[in-house]
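As stored in target.csv (CSV, C-alpha atoms):
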```
chain,number,residue,atom,x,y,z
A,187,MET,CA,-14.3,-5.5,17.7
A,188,LYS,CA,-12.3,-7.6,20.1
A,189,PHE,CA,-9.7,-9.9,18.6
A,190,ASN,CA,-11.7,-13.2,18.7
A,191,THR,CA,-14.6,-11.4,16.9
A,192,LYS,CA,-12.2,-10.0,14.3
A,193,THR,CA,-11.0,-13.5,13.4
A,194,ILE,CA,-14.6,-14.3,12.3
A,195,HIS,CA,-15.9,-11.0,11.0
A,196,ALA,CA,-13.1,-8.5,10.1
A,197,GLY,CA,-13.6,-7.4,6.5
A,198,GLN,CA,-16.1,-10.2,5.9
A,199,LYS,CA,-19.7,-10.2,4.7
A,200,PRO,CA,-22.1,-12.8,3.2
A,201,GLU,CA,-21.5,-13.4,-0.5
A,202,GLU,CA,-23.8,-11.0,-2.4
A,203,THR,CA,-25.4,-13.3,-5.0
A,204,SER,CA,-26.2,-16.2,-2.8
A,205,GLY,CA,-25.9,-15.0,0.8
A,206,ALA,CA,-23.3,-17.7,1.5
A,207,VAL,CA,-21.8,-17.1,5.0
A,208,MET,CA,-18.4,-18.5,4.0
A,209,PRO,CA,-16.6,-16.9,1.1
A,210,PRO,CA,-16.9,-19.1,-2.0
A,211,ILE,CA,-13.9,-20.5,-3.8
A,212,PHE,CA,-13.9,-18.5,-7.0
A,213,GLN,CA,-12.1,-21.0,-9.3
A,214,THR,CA,-11.7,-18.8,-12.3
A,215,SER,CA,-8.9,-17.3,-14.3
A,216,THR,CA,-10.9,-14.4,-15.9
A,217,TYR,CA,-14.0,-12.4,-15.6
A,218,LYS,CA,-16.7,-11.1,-17.9
A,219,GLN,CA,-16.4,-7.4,-18.7
A,220,GLU,CA,-19.3,-5.1,-19.8
A,221,ALA,CA,-17.0,-3.1,-22.0
A,222,PRO,CA,-13.2,-2.9,-22.2
A,223,ASN,CA,-12.0,-2.0,-18.7
A,224,VAL,CA,-15.6,-1.9,-17.4
A,225,ASN,CA,-16.0,-4.7,-14.9
A,226,LYS,CA,-17.2,-5.6,-11.4
A,227,GLY,CA,-13.8,-5.0,-9.8
A,228,TYR,CA,-12.0,-8.0,-11.3
A,229,ASP,CA,-10.5,-8.6,-14.8
A,230,TYR,CA,-7.9,-11.3,-14.5
A,231,ALA,CA,-7.3,-13.6,-11.6
A,232,ARG,CA,-3.5,-12.9,-11.3
A,233,VAL,CA,-4.4,-9.3,-10.4
A,234,GLY,CA,-7.4,-10.2,-8.1
A,235,ASN,CA,-9.7,-12.9,-7.0
A,236,PRO,CA,-12.7,-12.4,-4.6
A,237,THR,CA,-11.6,-15.3,-2.3
A,238,ARG,CA,-8.1,-13.7,-2.1
A,239,THR,CA,-9.8,-10.3,-1.4
A,240,ALA,CA,-11.7,-11.8,1.5
A,241,LEU,CA,-8.5,-13.1,3.0
A,242,GLU,CA,-6.6,-9.9,2.5
A,243,LYS,CA,-9.4,-7.9,4.2
A,244,LEU,CA,-9.4,-10.4,7.1
A,245,ILE,CA,-5.6,-10.2,7.7
A,246,ALA,CA,-5.6,-6.4,7.4
A,247,GLY,CA,-8.3,-6.3,10.0
A,248,LEU,CA,-6.4,-8.6,12.4
A,249,GLU,CA,-3.2,-6.4,12.1
A,250,GLY,CA,-5.0,-3.1,12.2
A,251,ALA,CA,-3.9,-2.2,8.7
A,252,ASP,CA,-5.7,-0.4,5.9
A,253,GLU,CA,-4.8,-3.1,3.3
A,254,CYS,CA,-3.0,-6.4,2.8
A,255,ALA,CA,-1.5,-8.1,-0.2
A,256,CYS,CA,-1.4,-12.0,-0.2
A,257,PHE,CA,1.3,-14.0,-2.0
A,258,ALA,CA,1.9,-17.6,-2.9
A,259,SER,CA,4.4,-18.1,0.0
A,260,GLY,CA,6.2,-16.2,2.7
A,261,CYS,CA,9.3,-16.0,0.5
A,262,ALA,CA,7.2,-14.5,-2.3
A,263,ALA,CA,6.0,-11.9,0.1
A,264,MET,CA,9.6,-11.1,1.2
A,265,ASP,CA,10.7,-11.0,-2.5
A,266,ALA,CA,8.0,-8.4,-3.3
A,267,VAL,CA,9.0,-6.2,-0.5
A,268,LEU,CA,12.7,-6.3,-1.4
A,269,LYS,CA,11.9,-5.4,-5.0
A,270,MET,CA,10.9,-1.9,-3.7
A,271,LEU,CA,14.7,-1.3,-3.2
A,272,ARG,CA,17.3,-0.2,-5.7
A,273,PRO,CA,21.1,-0.8,-6.1
A,274,GLY,CA,23.0,1.0,-3.4
A,275,ASP,CA,20.1,0.8,-0.9
A,276,GLN,CA,20.9,-0.8,2.5
A,277,VAL,CA,18.8,-3.1,4.6
A,278,ILE,CA,19.6,-3.7,8.3
A,279,ALA,CA,18.4,-7.1,9.5
A,280,SER,CA,18.8,-9.3,12.6
A,281,ASN,CA,21.8,-11.6,12.6
A,282,ASP,CA,19.5,-14.3,13.9
A,283,LEU,CA,16.7,-14.7,11.4
A,284,TYR,CA,15.0,-17.4,9.2
A,285,GLY,CA,17.5,-19.1,6.9
A,286,GLY,CA,15.3,-18.6,3.9
A,287,SER,CA,15.4,-14.8,4.5
A,288,TYR,CA,19.1,-14.9,4.8
A,289,ARG,CA,19.4,-16.9,1.5
A,290,LEU,CA,17.1,-14.5,-0.3
A,291,PHE,CA,19.0,-11.5,0.9
A,292,THR,CA,22.5,-12.7,0.3
A,293,GLU,CA,22.2,-14.9,-2.8
A,294,VAL,CA,19.4,-13.2,-4.8
A,295,PHE,CA,19.4,-9.5,-3.9
A,296,ALA,CA,22.9,-8.8,-2.8
A,297,PRO,CA,24.3,-9.6,-6.3
A,298,TYR,CA,22.0,-6.8,-7.6
A,299,GLY,CA,23.7,-4.2,-5.4
A,300,ILE,CA,21.4,-4.2,-2.4
A,301,GLU,CA,23.5,-4.1,0.8
A,302,PHE,CA,22.6,-6.1,3.9
A,303,SER,CA,23.9,-5.6,7.4
A,304,PHE,CA,23.2,-8.2,10.0
A,305,VAL,CA,23.3,-7.1,13.6
A,306,ASP,CA,22.0,-8.0,17.0
A,307,MET,CA,18.8,-6.0,16.9
A,308,THR,CA,18.2,-6.4,20.7
A,309,ASP,CA,21.0,-3.8,21.0
A,310,ILE,CA,19.7,-0.5,19.5
A,311,GLU,CA,23.3,0.8,19.4
A,312,GLU,CA,24.3,-1.8,16.9
A,313,VAL,CA,21.5,-0.8,14.7
A,314,LYS,CA,22.5,2.9,15.0
A,315,GLU,CA,26.1,2.1,14.1
A,316,ALA,CA,25.1,0.1,11.1
A,317,ALA,CA,22.7,2.8,9.7
A,318,THR,CA,23.9,5.0,6.9
A,319,ASP,CA,22.4,7.6,4.5
A,320,SER,CA,21.7,4.6,2.2
A,321,THR,CA,19.6,2.7,4.8
A,322,LYS,CA,16.1,2.2,3.5
A,323,LEU,CA,14.6,-0.6,5.5
A,324,LEU,CA,14.8,-2.2,9.0
A,325,TRP,CA,13.9,-5.9,8.6
A,326,ILE,CA,12.8,-6.8,12.1
A,327,GLU,CA,12.0,-10.4,13.1
A,328,THR,CA,10.7,-11.0,16.6
A,329,PRO,CA,10.7,-13.4,18.2
A,330,THR,CA,13.7,-14.4,16.0
A,331,ASN,CA,14.1,-17.8,14.4
A,332,PRO,CA,15.4,-20.0,16.0
A,333,LEU,CA,17.0,-18.2,19.0
A,334,LEU,CA,13.8,-16.6,20.1
A,335,ARG,CA,15.3,-13.2,20.8
A,336,VAL,CA,12.7,-10.5,21.4
A,337,VAL,CA,13.4,-7.2,19.7
A,338,ASP,CA,11.9,-4.0,21.1
A,339,ILE,CA,9.7,-3.0,18.2
A,340,GLU,CA,8.7,0.4,19.5
A,341,GLU,CA,12.3,1.4,20.1
A,342,LEU,CA,13.5,0.3,16.7
A,343,THR,CA,10.5,1.7,14.7
A,344,SER,CA,10.9,5.1,16.5
A,345,PHE,CA,14.6,5.2,15.4
A,346,ALA,CA,13.5,4.3,11.9
A,347,ALA,CA,10.8,6.9,11.7
A,348,GLU,CA,13.2,9.6,13.0
A,349,ASN,CA,15.7,8.8,10.2
A,350,LYS,CA,13.1,8.3,7.4
A,351,ILE,CA,13.8,4.6,7.2
A,352,LEU,CA,10.9,2.1,6.6
A,353,SER,CA,10.4,-0.6,9.1
A,354,LEU,CA,8.9,-4.1,8.5
A,355,VAL,CA,8.2,-6.7,11.2
A,356,ASP,CA,8.1,-10.4,10.3
A,357,ASN,CA,5.3,-11.4,12.7
A,358,THR,CA,5.1,-15.1,11.7
A,359,PHE,CA,6.3,-16.5,15.1
A,360,ALA,CA,3.9,-14.4,17.2
A,361,SER,CA,0.9,-14.1,14.9
A,362,PRO,CA,-1.5,-11.2,15.2
A,363,TYR,CA,-3.1,-12.9,18.2
A,364,LEU,CA,0.0,-12.2,20.3
A,365,GLN,CA,1.6,-9.2,18.8
A,366,GLN,CA,0.5,-6.0,16.9
A,367,PRO,CA,3.6,-4.5,15.2
A,368,LEU,CA,1.7,-1.7,13.4
A,369,GLU,CA,0.4,-0.4,16.7
A,370,LEU,CA,4.0,-0.3,17.9
A,371,GLY,CA,5.1,1.9,15.0
A,372,ALA,CA,6.0,-0.5,12.2
A,373,ASP,CA,5.3,0.5,8.6
A,374,ALA,CA,4.5,-3.0,7.4
A,375,VAL,CA,4.0,-6.5,8.9
A,376,LEU,CA,4.8,-9.7,7.1
A,377,HIS,CA,3.6,-13.3,7.6
A,378,SER,CA,4.2,-16.7,6.3
A,379,THR,CA,0.5,-17.6,6.3
A,380,THR,CA,1.6,-21.2,6.1
A,381,LYS,CA,2.3,-21.1,9.8
A,382,TYR,CA,-0.2,-19.9,12.5
A,383,LEU,CA,-2.6,-18.2,10.3
A,384,GLY,CA,-3.3,-21.3,8.2
A,385,GLY,CA,-2.6,-23.4,11.2
A,386,HIS,CA,-3.1,-26.9,9.8
A,387,SER,CA,0.0,-27.6,7.7
A,388,ASP,CA,-2.0,-27.9,4.5
A,389,ILE,CA,-1.2,-24.7,2.6
A,390,ILE,CA,1.6,-22.4,1.6
A,391,GLY,CA,1.1,-18.7,1.6
A,392,GLY,CA,2.4,-15.2,2.6
A,393,ALA,CA,1.0,-11.8,3.3
A,394,VAL,CA,2.1,-8.2,3.9
A,395,ALA,CA,-0.2,-5.8,5.7
A,396,THR,CA,0.3,-2.0,5.9
A,397,SER,CA,-1.4,1.3,6.1
A,398,ASN,CA,1.4,2.9,4.0
A,399,THR,CA,-0.1,3.7,0.6
A,400,ASP,CA,3.3,3.8,-1.1
A,401,ILE,CA,4.2,0.4,0.1
A,402,MET,CA,0.9,-1.1,-0.9
A,403,GLU,CA,1.0,0.5,-4.3
A,404,GLN,CA,4.3,-1.1,-5.0
A,405,LEU,CA,3.2,-4.5,-3.6
A,406,ARG,CA,0.1,-4.4,-5.9
A,407,PHE,CA,2.4,-3.6,-8.8
A,408,GLN,CA,4.4,-6.7,-7.9
A,409,VAL,CA,1.3,-8.8,-7.6
A,410,LYS,CA,0.2,-7.8,-11.1
A,411,THR,CA,3.6,-7.9,-12.7
A,412,THR,CA,5.4,-10.9,-11.2
A,413,GLY,CA,2.3,-12.9,-10.3
A,414,ALA,CA,3.4,-14.8,-7.2
A,415,VAL,CA,-0.1,-15.1,-6.0
A,416,PRO,CA,-2.0,-17.7,-4.0
A,417,GLY,CA,-4.7,-19.8,-5.6
A,418,PRO,CA,-8.3,-19.5,-4.4
A,419,MET,CA,-8.3,-22.8,-2.7
A,420,ASP,CA,-5.2,-21.8,-0.6
A,421,CYS,CA,-6.9,-18.5,0.3
A,422,TYR,CA,-10.1,-20.4,1.3
A,423,LEU,CA,-8.2,-22.8,3.6
A,424,THR,CA,-6.3,-19.9,5.2
A,425,LEU,CA,-9.6,-18.1,5.8
A,426,ARG,CA,-10.9,-21.2,7.4
A,427,GLY,CA,-7.8,-21.6,9.5
A,428,ILE,CA,-7.8,-18.0,10.8
A,429,LYS,CA,-11.3,-18.5,12.3
A,430,THR,CA,-9.8,-20.7,15.0
A,431,LEU,CA,-6.5,-18.7,15.4
A,432,SER,CA,-7.0,-17.5,18.9
A,433,VAL,CA,-8.1,-20.8,20.4
A,434,ARG,CA,-5.3,-22.7,18.6
A,435,VAL,CA,-2.5,-20.4,19.5
A,436,GLN,CA,-3.6,-20.0,23.1
A,437,GLN,CA,-3.7,-23.8,23.6
A,438,SER,CA,-0.3,-24.1,21.9
A,439,VAL,CA,1.1,-21.3,24.2
A,440,ASP,CA,-0.2,-23.0,27.3
A,441,ASN,CA,1.4,-26.2,26.3
A,442,ALA,CA,4.7,-24.4,25.4
A,443,LYS,CA,4.9,-23.0,28.9
A,444,GLU,CA,4.7,-26.5,30.4
A,445,VAL,CA,7.2,-27.9,27.9
A,446,ALA,CA,9.7,-25.1,28.5
A,447,SER,CA,9.4,-25.6,32.3
A,448,PHE,CA,9.9,-29.4,31.9
A,449,LEU,CA,13.0,-28.9,29.7
A,450,ASP,CA,14.4,-26.2,32.0
A,451,ASN,CA,14.6,-28.7,34.8
A,452,HIS,CA,16.0,-31.7,32.8
A,453,LYS,CA,19.5,-32.8,33.6
A,454,ALA,CA,20.4,-33.5,29.9
A,455,VAL,CA,19.5,-29.9,28.8
A,456,ASP,CA,22.1,-27.2,28.7
A,457,LYS,CA,19.9,-24.2,28.0
A,458,VAL,CA,16.2,-23.5,27.3
A,459,ILE,CA,15.2,-20.5,25.2
A,460,TYR,CA,11.6,-19.4,25.7
A,461,PRO,CA,10.5,-15.7,26.2
A,462,GLY,CA,8.1,-16.8,29.0
A,463,LEU,CA,11.0,-17.9,31.2
A,464,GLU,CA,12.3,-15.2,33.6
A,465,SER,CA,15.8,-16.3,32.6
A,466,HIS,CA,15.2,-15.1,29.0
A,467,ASN,CA,17.2,-12.0,28.3
A,468,GLN,CA,14.3,-10.1,26.8
A,469,HIS,CA,11.6,-11.5,29.1
A,470,GLU,CA,10.4,-8.0,30.2
A,471,ILE,CA,10.3,-6.7,26.6
A,472,ALA,CA,8.2,-9.7,25.6
A,473,LYS,CA,5.8,-8.9,28.5
A,474,LYS,CA,5.6,-5.3,27.3
A,475,GLN,CA,4.8,-5.9,23.6
A,476,MET,CA,3.3,-9.4,23.4
A,477,SER,CA,0.0,-10.5,25.0
A,478,ASP,CA,1.6,-13.9,25.7
A,479,PHE,CA,5.0,-15.6,25.1
A,480,GLY,CA,4.4,-17.8,22.0
A,481,ALA,CA,4.5,-21.5,21.2
A,482,MET,CA,8.0,-21.9,20.0
A,483,VAL,CA,10.7,-23.3,22.3
A,484,SER,CA,14.4,-23.9,21.5
A,485,PHE,CA,16.9,-25.8,23.6
A,486,SER,CA,20.4,-27.1,23.5
A,487,LEU,CA,21.9,-30.3,24.9
A,488,LYS,CA,24.7,-30.5,27.4
A,489,ASP,CA,26.4,-32.7,24.8
A,490,ASP,CA,26.6,-30.1,22.1
A,491,SER,CA,26.9,-32.1,18.9
A,492,ILE,CA,24.8,-32.7,15.8
A,493,ASP,CA,24.9,-36.4,16.3
A,494,LYS,CA,23.3,-36.2,19.8
A,495,ALA,CA,20.7,-33.8,18.6
A,496,GLN,CA,19.8,-36.0,15.7
A,497,GLU,CA,19.8,-39.1,17.9
A,498,PHE,CA,17.4,-37.4,20.3
A,499,MET,CA,15.0,-36.2,17.5
A,500,SER,CA,14.8,-39.6,16.0
A,501,ARG,CA,13.3,-41.0,19.2
A,502,THR,CA,10.3,-38.7,19.6
A,503,SER,CA,6.9,-40.0,18.4
A,504,ILE,CA,4.3,-37.2,19.1
A,505,PHE,CA,6.8,-34.5,18.1
A,506,THR,CA,7.2,-35.1,14.4
A,507,LEU,CA,10.6,-34.4,12.8
A,508,ALA,CA,9.7,-31.9,10.1
A,509,GLU,CA,10.2,-28.5,8.6
A,510,SER,CA,7.8,-25.6,9.3
A,511,LEU,CA,5.9,-24.6,12.4
A,512,GLY,CA,2.6,-23.2,13.7
A,513,GLY,CA,0.3,-26.1,12.9
A,514,VAL,CA,-2.0,-28.0,15.3
A,515,GLU,CA,0.6,-30.8,15.6
A,516,SER,CA,3.9,-30.5,17.5
A,517,LEU,CA,7.0,-30.5,15.4
A,518,ILE,CA,10.7,-30.9,16.2
A,519,SER,CA,13.5,-29.7,14.0
A,520,HIS,CA,17.3,-29.1,13.9
A,521,PRO,CA,17.9,-25.6,12.6
A,522,ALA,CA,21.6,-26.0,11.9
A,523,SER,CA,20.9,-28.7,9.3
A,524,MET,CA,17.3,-27.9,8.3
A,525,THR,CA,15.7,-24.5,8.4
A,526,HIS,CA,19.1,-22.6,8.7
A,527,GLY,CA,21.3,-25.0,6.7
A,528,SER,CA,21.8,-22.3,4.0
A,529,ILE,CA,23.6,-20.0,6.6
A,530,PRO,CA,27.3,-20.7,6.8
A,531,LYS,CA,28.4,-22.5,10.0
A,532,GLU,CA,30.7,-19.6,11.1
A,533,VAL,CA,27.8,-17.1,10.6
A,534,ARG,CA,25.4,-19.3,12.6
A,535,GLU,CA,27.8,-19.8,15.4
A,536,LYS,CA,28.6,-16.1,15.6
A,537,ALA,CA,24.9,-15.4,16.1
A,538,GLY,CA,24.8,-18.0,18.9
A,539,LEU,CA,23.2,-20.9,17.0
A,540,LYS,CA,24.7,-24.1,18.4
A,541,ASP,CA,25.0,-27.4,16.5
A,542,SER,CA,22.9,-29.1,19.1
A,543,LEU,CA,20.1,-26.5,19.2
A,544,ILE,CA,16.7,-28.1,18.8
A,545,ARG,CA,13.6,-26.1,17.9
A,546,LEU,CA,10.1,-27.2,19.0
A,547,SER,CA,6.8,-25.9,17.5
A,548,VAL,CA,4.4,-26.9,20.3
A,549,GLY,CA,1.0,-27.9,19.1
A,550,ILE,CA,-2.4,-28.3,20.7
A,551,GLU,CA,-2.1,-31.9,22.0
A,552,ASP,CA,-2.3,-32.7,25.7
A,553,ALA,CA,0.7,-31.2,27.5
A,554,GLU,CA,1.3,-34.3,29.6
A,555,ASP,CA,1.7,-36.4,26.4
A,556,LEU,CA,4.2,-33.9,25.0
A,557,LYS,CA,6.3,-34.0,28.1
A,558,ASP,CA,6.2,-37.8,28.3
A,559,ASP,CA,7.3,-38.0,24.7
A,560,LEU,CA,10.3,-35.7,25.3
A,561,ASP,CA,11.1,-37.6,28.5
A,562,GLN,CA,11.2,-41.0,26.8
A,563,ALA,CA,13.4,-39.5,24.0
A,564,PHE,CA,15.9,-38.4,26.7
A,565,GLU,CA,15.8,-41.8,28.4
```
Write the structure described by the file as structure tokens, please.
Amino acid sequence: MKFNTKTIHAGQKPEETSGAVMPPIFQTSTYKQEAPNVNKGYDYARVGNPTRTALEKLIAGLEGADECACFASGCAAMDAVLKMLRPGDQVIASNDLYGGSYRLFTEVFAPYGIEFSFVDMTDIEEVKEAATDSTKLLWIETPTNPLLRVVDIEELTSFAAENKILSLVDNTFASPYLQQPLELGADAVLHSTTKYLGGHSDIIGGAVATSNTDIMEQLRFQVKTTGAVPGPMDCYLTLRGIKTLSVRVQQSVDNAKEVASFLDNHKAVDKVIYPGLESHNQHEIAKKQMSDFGAMVSFSLKDDSIDKAQEFMSRTSIFTLAESLGGVESLISHPASMTHGSIPKEVREKAGLKDSLIRLSVGIEDAEDLKDDLDQAFE
């Protein structure tokens, strides 16, 4: 199947008892058994639910994976992955990553003896220098949040494989429509399904897809044991959202290109960060491993202050000031005080995250309206 066909049909079939084309919402907590441990594949809804199974099969199909495990949130999915580790193990991650990931790493797992090293993953030599005999996982985020650095997945996963290190790619910003990490050598791919996969800002969810049987066995154990699972209604809404993934993301990407170009030529803007601009440091890598450049745009003001950034964001009307990204509506946010507020200021600045940095999640509205909205906010 080609990608657009996969978003409709991958791992899907009409419901057996009724022939329903759309997977039903199985709103049940338990299932009738013919005898103890003799059932139709389901015994208790924490362990499995047919609506969740349909979603897992669809995401696995989109990512080219054998299996997928879905969770109640992206953070729950990250938590399940990290629980594969043991005290003394090391994780190497980007120094420019989602603030929630940083908080989970440093405030939850580091006190249990898991070591985290944060490096600029666009430089393979920094990764090699950080690696030790205790390194068990490369946590790759690309494009990164919010500086939109593009990491060479193939280069990093090759290094990981040579050194028997697992590699995971957080593919949330790109979505499977734009990037296929497993094809580039990653062992697992993670999503906050809240974002582009759901696509309508009405659900919270997470997923990990992989063809590595050991990883999936441990994730299934976490699903059963810790129970951070999505409800059937959330799974249904995500299933519905994925069916329009390609058309939504492509419209958002087309708009993002116009918005980035507009900002790049505005006198009040200091720097625009967008992988589709030739000025982007990893523009060629993005061309190599992504089918297009994404719908996230970050920029800083010439007046580098939080006050000016907040003043600007308070004046937009189509761009809504809000957390999150990847929905049909355009959002504007201030990473230093919102999504990355849990990262200490000195750590943010060392990674290059300025106080005035503004992050845009470009939606599917008319591009001219989006540019006009930004223009009037500047004026």
Proximity of region 210-270 of chain A to region 343-358 of chain A: per-residue shortest pair, 10 Å limit, only C-alpha atoms, as a tab-separated table:
```
residue	atom	partner	partner_atom	distance
A:Glu249	CA	A:Asn357	CA	9.9
A:Gly260	CA	A:Thr358	CA	9.1
A:Met264	CA	A:Asp356	CA	9.2
A:Val267	CA	A:Leu354	CA	9.2
```
(message) List the spatial neighbours of Gly417 (chain A) as a VMD selection string - criterion: any atom at most 12 Å away, all atoms listed in the file, same-chain residues fewer than 6 positions off excluded.
(response) chain A and resid 211 to 215 231 to 239 241 256 to 259 389 to 392 423 to 424
(request) May I have the protein, DNA and RNA residues with any atom at most 12 Å from the point (13.7, -38.5, 17.0), counting only C-alpha atoms, written as a list of chain:residue names? (result)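 Final list of nearby residues, as requested, is A:Asp493, A:Lys494, A:Ala495, A:Gln496, A:Glu497, A:Phe498, A:Met499, A:Ser500, A:Arg501, A:Thr502, A:Ser503, A:Ile504, A:Phe505, A:Thr506, A:Leu507, A:Ala508, A:Leu517, A:Ile518, A:Ser519, A:His520, A:Ile544, A:Asp559, A:Leu560, A:Asp561, A:Gln562, A:Ala563, A:Phe564.
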Export C-alpha atoms of the chosen residues as a PDB file, keeping the file's coordinate frame?
```
ATOM      1  CA  ASP A 493      24.900 -36.400  16.300  1.00  0.00           C
ATOM      2  CA  LYS A 494      23.300 -36.200  19.800  1.00  0.00           C
ATOM      3  CA  ALA A 495      20.700 -33.800  18.600  1.00  0.00           C
ATOM      4  CA  GLN A 496      19.800 -36.000  15.700  1.00  0.00           C
ATOM      5  CA  GLU A 497      19.800 -39.100  17.900  1.00  0.00           C
ATOM      6  CA  PHE A 498      17.400 -37.400  20.300  1.00  0.00           C
ATOM      7  CA  MET A 499      15.000 -36.200  17.500  1.00  0.00           C
ATOM      8  CA  SER A 500      14.800 -39.600  16.000  1.00  0.00           C
ATOM      9  CA  ARG A 501      13.300 -41.000  19.200  1.00  0.00           C
ATOM     10  CA  THR A 502      10.300 -38.700  19.600  1.00  0.00           C
ATOM     11  CA  SER A 503       6.900 -40.000  18.400  1.00  0.00           C
ATOM     12  CA  ILE A 504       4.300 -37.200  19.100  1.00  0.00           C
ATOM     13  CA  PHE A 505       6.800 -34.500  18.100  1.00  0.00           C
ATOM     14  CA  THR A 506       7.200 -35.100  14.400  1.00  0.00           C
ATOM     15  CA  LEU A 507      10.600 -34.400  12.800  1.00  0.00           C
ATOM     16  CA  ALA A 508       9.700 -31.900  10.100  1.00  0.00           C
ATOM     17  CA  LEU A 517       7.000 -30.500  15.400  1.00  0.00           C
ATOM     18  CA  ILE A 518      10.700 -30.900  16.200  1.00  0.00           C
ATOM     19  CA  SER A 519      13.500 -29.700  14.000  1.00  0.00           C
ATOM     20  CA  HIS A 520      17.300 -29.100  13.900  1.00  0.00           C
ATOM     21  CA  ILE A 544      16.700 -28.100  18.800  1.00  0.00           C
ATOM     22  CA  ASP A 559       7.300 -38.000  24.700  1.00  0.00           C
ATOM     23  CA  LEU A 560      10.300 -35.700  25.300  1.00  0.00           C
ATOM     24  CA  ASP A 561      11.100 -37.600  28.500  1.00  0.00           C
ATOM     25  CA  GLN A 562      11.200 -41.000  26.800  1.00  0.00           C
ATOM     26  CA  ALA A 563      13.400 -39.500  24.000  1.00  0.00           C
ATOM     27  CA  PHE A 564      15.900 -38.400  26.700  1.00  0.00           C
TER      28      PHE A 564
END
```
Find the nearest atom pair between each residue of region 396-437 of chain A and region 243-247 of chain A for residues within 10 Å, count all atoms listed in the file, give distances in Å to one decimal, sort rows by chain and ascending number, and present the table as CSV.
```
residue,atom,partner,partner_atom,distance
A:Thr396,CA,A:Ala246,CA,7.5
A:Ser397,CA,A:Ala246,CA,8.9
A:Leu425,CA,A:Leu244,CA,7.8
A:Ile428,CA,A:Leu244,CA,8.6
A:Lys429,CA,A:Leu244,CA,9.8
```
(request) Point out the residue among A:Ala279, A:Val483, A:Val224, A:Cys254 with the least atom-to-atom distance to Ser547 (chain A), counting only C-alpha atoms. (result)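 Of all the options, A:Val483 lies closest to Ser547 (chain A).
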(request) Considering only C-alpha atoms, state which residue in the set A:Ala206, A:Pro273, A:Leu324, A:Tyr288 is at the smallest distance from Arg534 (chain A). (result)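 When distances to Arg534 (chain A) are compared using only C-alpha atoms, the smallest one comes from A:Tyr288.
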(request) Quick one: pull the distance between CA of Val435 (chain A) and CA of Leu376 (chain A), Å, one decimal. (result)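 Those two atoms sit 17.9 Å apart.
The space separating CA of Ile326 (chain A) from CA of Asp338 (chain A) comes to 9.5 Å.
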Kindly complete region 267-278 of chain A to N, CA and C atoms; the output should be written as a short mmCIF file (atom, residue, chain, number, x, y, z; two decimals), in the coordinates of the input.
```
data_model
loop_
_atom_site.label_atom_id
_atom_site.label_comp_id
_atom_site.auth_asym_id
_atom_site.auth_seq_id
_atom_site.Cartn_x
_atom_site.Cartn_y
_atom_site.Cartn_z
N VAL A 267 8.57 -7.31 -1.26
CA VAL A 267 9.00 -6.20 -0.50
C VAL A 267 10.38 -5.69 -0.90
N LEU A 268 11.30 -6.63 -1.07
CA LEU A 268 12.70 -6.30 -1.40
C LEU A 268 12.79 -5.66 -2.80
N LYS A 269 11.84 -5.96 -3.67
CA LYS A 269 11.90 -5.40 -5.00
C LYS A 269 11.50 -3.90 -5.01
N MET A 270 11.12 -3.37 -3.86
CA MET A 270 10.90 -1.90 -3.70
C MET A 270 12.29 -1.19 -3.71
N LEU A 271 13.36 -1.94 -3.41
CA LEU A 271 14.70 -1.30 -3.20
C LEU A 271 15.42 -1.23 -4.56
N ARG A 272 16.50 -0.43 -4.55
CA ARG A 272 17.30 -0.20 -5.70
C ARG A 272 18.79 -0.38 -5.40
N PRO A 273 19.64 -0.66 -6.39
CA PRO A 273 21.10 -0.80 -6.10
C PRO A 273 21.63 0.35 -5.32
N GLY A 274 22.41 0.02 -4.30
CA GLY A 274 23.00 1.00 -3.40
C GLY A 274 22.19 1.20 -2.13
N ASP A 275 20.94 0.72 -2.09
CA ASP A 275 20.10 0.80 -0.90
C ASP A 275 20.65 -0.23 0.14
N GLN A 276 20.46 0.09 1.42
CA GLN A 276 20.90 -0.80 2.50
C GLN A 276 19.71 -1.28 3.31
N VAL A 277 19.76 -2.54 3.70
CA VAL A 277 18.80 -3.10 4.60
C VAL A 277 19.55 -3.57 5.88
N ILE A 278 19.02 -3.22 7.05
CA ILE A 278 19.60 -3.70 8.30
C ILE A 278 18.62 -4.78 8.83
#
```
